[in-house]
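Structure data (mmCIF, C-alpha atoms) from data.cif:
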```cif
data_data
loop_
_atom_site.label_atom_id
_atom_site.label_comp_id
_atom_site.auth_asym_id
_atom_site.auth_seq_id
_atom_site.Cartn_x
_atom_site.Cartn_y
_atom_site.Cartn_z
CA MET A 266 99.58 25.21 77.62
CA LYS A 267 101.72 23.79 80.40
CA HIS A 268 104.19 26.66 79.97
CA GLN A 269 101.42 29.24 80.48
CA MET A 270 100.18 27.37 83.52
CA ALA A 271 103.71 27.28 84.92
CA LYS A 272 104.02 31.05 84.46
CA LYS A 273 100.76 31.60 86.34
CA MET A 274 101.92 29.32 89.15
CA VAL A 275 105.20 31.21 89.42
CA LEU A 276 103.25 34.47 89.57
CA PHE A 277 101.12 33.21 92.48
CA SER A 278 104.22 31.79 94.13
CA VAL A 279 105.99 35.17 93.94
CA LEU A 280 102.95 36.99 95.34
CA GLY A 281 102.60 34.45 98.16
CA THR A 282 106.25 34.68 99.08
CA MET A 283 106.13 38.49 99.12
CA VAL A 284 103.11 38.44 101.45
CA ALA A 285 104.82 35.89 103.73
CA MET A 286 108.06 37.92 103.80
CA VAL A 287 106.24 41.13 104.71
CA PHE A 288 104.34 39.23 107.40
CA MET A 289 107.47 37.68 108.89
CA ALA A 290 109.52 40.87 108.66
CA SER A 291 106.77 42.86 110.41
CA SER A 292 106.75 40.31 113.25
CA ILE A 293 110.51 40.74 113.62
CA ILE A 294 110.25 44.55 113.65
CA PHE A 295 107.15 44.64 115.91
CA PRO A 296 107.39 41.47 118.04
CA LEU A 297 103.89 41.48 119.53
CA PRO A 298 102.68 38.10 120.80
CA LEU A 299 99.74 37.66 118.43
CA LEU A 300 101.68 38.94 115.41
CA LEU A 301 104.59 36.63 116.22
CA VAL A 302 102.37 33.57 116.48
CA LEU A 303 100.49 34.41 113.28
CA ALA A 304 103.61 35.24 111.30
CA MET A 305 105.49 32.16 112.39
CA SER A 306 102.55 29.85 111.64
CA ILE A 307 100.44 31.34 108.82
CA GLY A 308 103.36 33.30 107.32
CA GLN A 309 105.59 30.25 107.16
CA GLY A 310 102.71 28.16 105.84
CA ILE A 311 102.21 30.60 102.96
CA ALA A 312 105.96 30.64 102.24
CA ILE A 313 106.17 26.82 102.17
CA PHE A 314 103.10 26.60 99.92
CA ALA A 315 104.61 29.23 97.58
CA LEU A 316 107.89 27.33 97.37
CA ALA A 317 106.05 24.08 96.61
CA LEU A 318 104.07 25.89 93.91
CA PHE A 319 107.29 27.25 92.37
CA LEU A 320 108.95 23.82 92.33
CA LEU A 321 105.85 22.35 90.73
CA ALA A 322 105.89 25.12 88.13
CA VAL A 323 109.54 24.41 87.33
CA ALA A 324 108.76 20.71 86.98
CA LEU A 325 105.83 21.49 84.64
CA ASP A 326 107.96 23.86 82.60
CA LEU A 327 110.73 21.31 82.22
CA GLN A 328 108.16 18.70 81.22
CA SER A 329 106.67 20.97 78.55
CA SER A 330 110.11 21.81 77.11
CA GLY A 331 111.22 18.19 77.29
CA GLY A 332 113.96 19.13 79.72
CA SER A 333 115.83 20.95 76.96
CA TYR A 334 117.97 23.97 77.69
CA ILE A 335 116.42 27.24 76.57
CA PRO A 336 119.11 29.90 76.49
CA ALA A 337 118.26 33.37 77.75
CA GLU A 338 119.23 35.58 74.82
CA GLU A 339 119.82 33.28 71.84
CA PRO A 340 117.09 33.29 69.14
CA ALA A 341 115.10 30.16 68.51
CA ALA A 342 116.80 27.64 66.25
CA ALA A 343 115.86 27.76 62.52
CA PRO A 344 113.59 24.92 61.35
CA GLU A 345 115.38 21.99 59.78
CA PRO A 346 115.06 21.76 55.95
CA ASP A 347 112.65 19.26 54.50
CA PRO A 348 114.58 16.02 53.74
CA GLY A 349 112.85 15.81 50.32
CA THR A 350 114.36 19.09 49.07
CA GLU A 351 118.00 19.45 48.13
CA ALA A 352 120.28 21.81 49.91
CA PRO A 353 121.15 24.99 47.95
CA PRO A 354 124.53 24.90 46.27
CA PRO A 355 127.41 26.60 48.06
CA PRO A 356 128.17 30.13 46.84
CA SER A 357 130.81 30.26 44.18
CA PRO A 358 134.09 31.96 45.14
CA MET B 88 124.91 53.00 111.81
CA LEU B 89 123.21 49.81 112.95
CA GLN B 90 124.96 48.32 115.97
CA LEU B 91 124.52 44.68 116.84
CA HIS B 92 124.85 43.92 120.55
CA SER B 93 123.63 40.35 120.69
CA THR B 94 123.10 37.19 118.69
CA GLU B 95 119.38 37.95 118.64
CA GLN B 96 119.99 41.30 116.93
CA LEU B 97 122.38 39.72 114.45
CA LEU B 98 119.80 37.07 113.55
CA LYS B 99 117.13 39.73 113.18
CA ALA B 100 119.39 41.73 110.86
CA ILE B 101 120.09 38.63 108.73
CA ALA B 102 116.38 37.77 108.60
CA LEU B 103 115.41 41.31 107.56
CA ALA B 104 118.17 41.47 104.93
CA CYS B 105 117.04 38.16 103.42
CA ALA B 106 113.39 39.28 103.51
CA VAL B 107 114.31 42.46 101.62
CA LEU B 108 116.29 40.46 99.04
CA SER B 109 113.42 38.02 98.61
CA VAL B 110 110.86 40.80 98.16
CA GLY B 111 113.28 42.55 95.77
CA ILE B 112 113.57 39.47 93.57
CA GLY B 113 109.79 39.07 93.66
CA ALA B 114 109.26 42.71 92.68
CA TRP B 115 111.79 42.34 89.84
CA TYR B 116 109.87 39.35 88.51
CA LEU B 117 106.51 41.13 88.77
CA ILE B 118 107.79 44.23 86.96
CA ARG B 119 109.94 42.61 84.26
CA ARG B 120 107.97 39.36 83.77
CA PRO B 121 110.96 37.58 82.18
CA HIS B 122 110.77 34.23 80.43
CA LEU B 123 111.29 31.18 82.60
CA HIS B 124 114.80 30.46 81.42
CA ARG B 125 117.64 29.17 83.55
CA VAL B 126 118.74 32.53 85.03
CA THR B 127 115.18 33.46 85.99
CA LYS B 128 114.58 30.10 87.61
CA SER B 129 117.85 30.33 89.55
CA LEU B 130 117.02 33.83 90.77
CA LEU B 131 113.51 32.78 91.72
CA LEU B 132 114.88 29.76 93.56
CA LEU B 133 116.92 32.21 95.64
CA GLY B 134 113.99 34.58 96.12
CA LEU B 135 111.30 31.98 96.77
CA GLY B 136 113.36 29.23 98.38
CA VAL B 137 116.73 30.05 99.85
CA PHE B 138 116.10 33.53 101.28
CA PRO B 139 112.68 32.68 102.78
CA LEU B 140 114.23 29.60 104.40
CA ILE B 141 116.92 31.78 105.99
CA VAL B 142 114.26 34.29 107.10
CA SER B 143 112.24 31.46 108.58
CA LEU B 144 115.13 29.90 110.47
CA THR B 145 116.77 33.07 111.77
CA GLY B 146 113.40 34.71 112.39
CA ASN B 147 112.23 31.74 114.44
CA ILE B 148 115.35 31.72 116.58
CA ALA B 149 115.37 35.50 117.04
CA SER B 150 111.66 35.50 117.88
CA PHE B 151 112.10 32.66 120.34
CA GLU B 152 114.94 34.55 122.01
CA TYR B 153 112.78 37.64 122.22
CA THR B 154 109.91 35.71 123.81
CA LEU B 155 112.21 34.99 126.76
CA THR B 156 112.58 38.67 127.61
CA ARG B 157 110.67 40.76 130.14
CA PRO B 158 109.45 43.35 127.60
CA PHE B 159 107.74 40.54 125.67
CA CYS B 160 106.00 39.22 128.81
CA GLY B 161 104.95 42.77 129.64
CA SER B 162 103.65 43.50 126.16
CA CYS B 163 100.16 42.28 127.18
CA HIS B 164 98.58 45.12 129.13
CA VAL B 165 97.40 42.81 131.93
CA MET B 166 101.04 42.32 132.87
CA GLY B 167 101.54 46.06 133.45
CA PRO B 168 101.69 45.96 137.29
CA TYR B 169 104.06 42.98 137.22
CA LEU B 170 106.36 44.67 134.72
CA ARG B 171 106.42 48.01 136.55
CA ASP B 172 107.21 46.34 139.84
CA ALA B 173 109.94 44.16 138.36
CA GLU B 174 111.58 47.19 136.75
CA ASP B 175 111.21 49.48 139.78
CA PRO B 176 114.72 50.07 141.20
CA LYS B 177 113.22 50.93 144.62
CA SER B 178 110.98 47.89 144.91
CA ASN B 179 111.90 45.20 147.43
CA SER B 180 109.71 42.50 145.95
CA LEU B 181 111.41 39.23 145.04
CA ALA B 182 110.59 39.80 141.37
CA ALA B 183 112.29 43.22 141.42
CA MET B 184 115.31 42.00 143.35
CA HIS B 185 115.81 39.10 140.96
CA SER B 186 115.32 41.36 137.95
CA ARG B 187 118.13 43.60 139.24
CA ASN B 188 120.42 40.58 139.36
CA HIS B 189 122.54 40.49 136.22
CA LYS B 190 122.26 36.69 136.08
CA PHE B 191 118.54 37.13 135.38
CA GLY B 192 118.70 40.45 133.58
CA GLU B 193 116.09 40.91 130.89
CA ASN B 194 114.97 37.27 131.15
CA SER B 195 113.80 37.41 134.77
CA CYS B 196 110.18 36.33 134.06
CA TYR B 197 111.23 33.34 132.01
CA THR B 198 114.03 32.25 134.34
CA CYS B 199 111.66 31.83 137.29
CA HIS B 200 108.49 30.76 135.46
CA ALA B 201 109.93 28.32 132.90
CA ASP B 202 109.42 24.64 133.64
CA TYR B 203 112.63 23.15 134.98
CA GLN B 204 112.81 19.84 133.11
CA MET B 205 114.20 18.28 129.96
CA PHE B 206 111.56 19.73 127.63
CA GLY B 207 110.89 22.71 129.88
CA ALA B 208 111.27 25.25 127.07
CA VAL B 209 108.68 23.42 124.96
CA THR B 210 106.12 23.01 127.76
CA THR B 211 106.65 26.63 128.80
CA LYS B 212 106.01 27.86 125.28
CA MET B 213 102.91 25.64 125.03
CA ASN B 214 101.70 27.36 128.18
CA GLY B 215 102.49 30.64 126.47
CA MET B 216 100.09 29.72 123.70
CA ARG B 217 97.47 29.11 126.37
CA HIS B 218 98.24 32.56 127.82
CA LEU B 219 97.68 34.08 124.40
CA PHE B 220 94.36 32.26 123.95
CA LYS B 221 93.21 33.40 127.40
CA TYR B 222 94.35 36.94 126.66
CA VAL B 223 92.44 37.14 123.39
CA THR B 224 89.29 35.52 124.75
CA GLU B 225 89.14 36.98 128.27
CA TYR B 226 91.38 40.02 128.69
CA ALA B 227 91.64 41.75 125.31
CA SER B 228 88.87 44.25 126.03
CA THR B 229 89.64 44.82 129.72
CA GLY B 230 90.69 48.20 131.13
CA PRO B 231 94.19 49.42 131.99
CA ASP B 232 96.28 46.66 133.62
CA GLY B 233 93.48 44.19 132.91
CA GLU B 234 90.95 45.78 135.26
CA GLY B 235 87.55 44.21 134.89
CA GLY B 236 88.98 40.90 133.76
CA PRO B 237 89.13 37.71 135.80
CA PRO B 238 91.90 37.54 138.44
CA ILE B 239 95.25 36.34 137.17
CA HIS B 240 96.56 33.11 138.63
CA LEU B 241 99.15 30.44 137.88
CA TYR B 242 97.90 27.31 136.11
CA LYS B 243 99.74 25.12 138.59
CA PRO B 244 101.45 25.79 141.93
CA PHE B 245 104.86 27.45 141.70
CA LYS B 246 107.47 24.76 142.24
CA SER B 247 110.53 25.25 144.41
CA GLU B 248 112.68 23.71 141.68
CA ALA B 249 112.72 27.11 139.99
CA CYS B 250 114.27 28.67 143.11
CA MET B 251 116.67 25.77 143.53
CA GLN B 252 118.27 26.47 140.17
CA CYS B 253 120.32 29.01 142.15
CA HIS B 254 119.47 28.51 145.84
CA SER B 255 120.89 25.19 146.95
CA MET B 256 119.05 23.15 149.58
CA THR B 257 122.30 21.59 150.67
CA ALA B 258 124.21 24.79 151.41
CA LYS B 259 125.33 25.14 155.04
CA LYS B 260 123.63 28.51 155.53
CA TYR B 261 120.38 27.19 154.09
CA LEU B 262 120.41 24.16 156.38
CA GLU B 263 121.03 26.38 159.41
CA GLN B 264 118.19 28.74 158.56
CA HIS B 265 115.68 26.10 157.47
CA ALA B 266 116.46 23.29 159.93
CA ASP B 267 112.77 22.76 160.77
CA GLN B 268 111.46 22.62 157.21
CA VAL B 269 114.24 20.86 155.30
CA GLU B 270 112.49 17.52 155.04
CA GLN B 271 109.15 19.07 154.12
CA MET B 272 110.88 21.26 151.56
CA ARG B 273 112.66 18.33 149.98
CA SER B 274 109.50 16.24 149.84
CA GLY B 275 107.60 19.13 148.25
CA ASP B 276 105.07 19.54 151.05
CA VAL B 277 106.28 23.08 151.67
CA ALA B 278 107.29 25.43 148.86
CA CYS B 279 109.70 28.35 149.06
CA ILE B 280 106.97 30.87 148.25
CA ASP B 281 104.79 29.63 151.11
CA CYS B 282 107.01 31.75 153.37
CA HIS B 283 108.83 34.03 150.91
CA ASN B 284 105.59 35.26 149.41
CA GLU B 285 106.52 38.83 148.54
CA VAL B 286 107.10 37.87 144.93
CA HIS B 287 104.64 40.13 143.14
CA PRO B 288 103.06 42.26 145.90
CA LEU B 289 101.01 44.38 143.51
CA ALA B 290 99.63 41.31 141.82
CA LEU B 291 98.89 39.72 145.18
CA THR B 292 96.94 42.78 146.29
CA ARG B 293 95.00 42.73 143.08
CA ARG B 294 94.18 39.09 143.43
CA ILE B 295 92.88 39.54 146.99
CA SER B 296 90.82 42.58 145.99
CA ALA B 297 89.44 40.67 143.05
CA LYS B 298 88.36 37.84 145.31
CA LYS B 299 86.68 40.32 147.68
CA GLU B 300 84.80 41.85 144.78
CA GLU B 301 83.62 38.42 143.71
CA LYS B 302 82.24 37.79 147.20
#
```
Please render this file's structure as structure tokens.
Amino acid sequence: MKHQMAKKMVLFSVLGTMVAMVFMASSIIFPLPLLLVLAMSIGQGIAIFALALFLLAVALDLQSSGGSYIPAEEPAAAPEPDPGTEAPPPPSP
Amino acid sequence: MLQLHSTEQLLKAIALACAVLSVGIGAWYLIRRPHLHRVTKSLLLLGLGVFPLIVSLTGNIASFEYTLTRPFCGSCHVMGPYLRDAEDPKSNSLAAMHSRNHKFGENSCYTCHADYQMFGAVTTKMNGMRHLFKYVTEYASTGPDGEGGPPIHLYKPFKSEACMQCHSMTAKKYLEQHADQVEQMRSGDVACIDCHNEVHPLALTRRISAKKEEK
């Protein structure tokens, strides 16, 4: 549940950052007074909010995974055998 | 090939490069939608944190530098007559003569109109915000060069301190030429532009004509 929420938050964070970057870049390319003021206030506000959202998402994700390391490519670990059952005998040579 | 001639251009180039990288990382995430493992988080930290911070810092500095230049001041259409006069190589107005001086260069508006005090840059930029508000609310829909809008005026009298950044009141030649007014000048009762008033002749004409129209 928390993992799904974190993914959504990251998605919004990415979208927000992209909007802020386009806003700020356009004010650098076309430095008109109104655009400059808007980009450097609203644009930076969006970027800061997006970064905060991303950090919160990372914190949520770590909380849901118990802070454990999830490798990128390795498959999930096999479930541990039931302690009541005996381990299969080793293959004979 | 992009050529960088000033610190401002270098900062702009860095800001744009970081913005492109940030958008690139964002686009990669939106297209691939990878799991939130360590590599993804590290890349996103770059794309959503480090690069935007660099864009913000360098963009702010570059933008601030640009706001000091004459083209920026002249980018509002009401400033048209002032800009044309300042850039006219044949004009003998004080604004044009100072703009031709390489010590002023592109920053001639700011050099003379900035407040000369410890936090002068801050107070000047706060005034700039006021200019912008006035422009949007009173001049945005006016005709060419702001015709039809209210007459343009300074918020407070022009102080001689701006002139004295370069023109010393203790120089021998100055004392010889201004023997009668030295004390009044130093006390602030008389300002430089009370006599040397050919600063923005076009603007002055416009202001007088505007007042006549009001009457």
Apply the PyMOL selection byres ((chain B) within 7 of (chain A)) to the structure shown and report the selected residues as a PyMOL selection string. chain B and resi 99+103+106+110+113+124+135-136+143+146+150+162
Show me, as a VMD selection string, the residues that have an atom within 9 Å of Pro168 of chain B when counting only C-alpha atoms, minus same-chain residues fewer than 2 positions from it. chain B and resid 161 164 to 166 170 to 173 232 287 289 to 290
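Put simply, the PyMOL selection byres ((chain B and resi 286) around 8) in this file takes in Ser180, Leu181, Ala182, Ile280, His283, Asn284, Glu285, His287 and Pro288 of chain B.
Counting from atom CA of Arg217 of chain B, the distance to atom CA of Phe191 of chain B is 24.3 Å.
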Do a neighbour search on Lys190 of chain B at 12 Å with only C-alpha atoms, toss out local chain neighbours closer than 4 positions, and write the hits as a compact mmCIF listing (two decimals) with C-alpha atoms, in the frame of the given file.
```txt
# COMPACT_ATOMS: atom_id res chain seq x y z
CA MET B 184 115.31 42.00 143.35
CA HIS B 185 115.81 39.10 140.96
CA SER B 186 115.32 41.36 137.95
CA ASN B 194 114.97 37.27 131.15
CA SER B 195 113.80 37.41 134.77
CA THR B 198 114.03 32.25 134.34
CA CYS B 199 111.66 31.83 137.29
CA GLN B 252 118.27 26.47 140.17
CA CYS B 253 120.32 29.01 142.15
```
Quick one: pull the distance between atom CA of Ala104 of chain B and atom CA of Phe138 of chain B, Å, one decimal. 9.0 Å
Distance atom CA of His200 of chain B-atom CA of Val142 of chain B, one decimal place? 29.2 Å
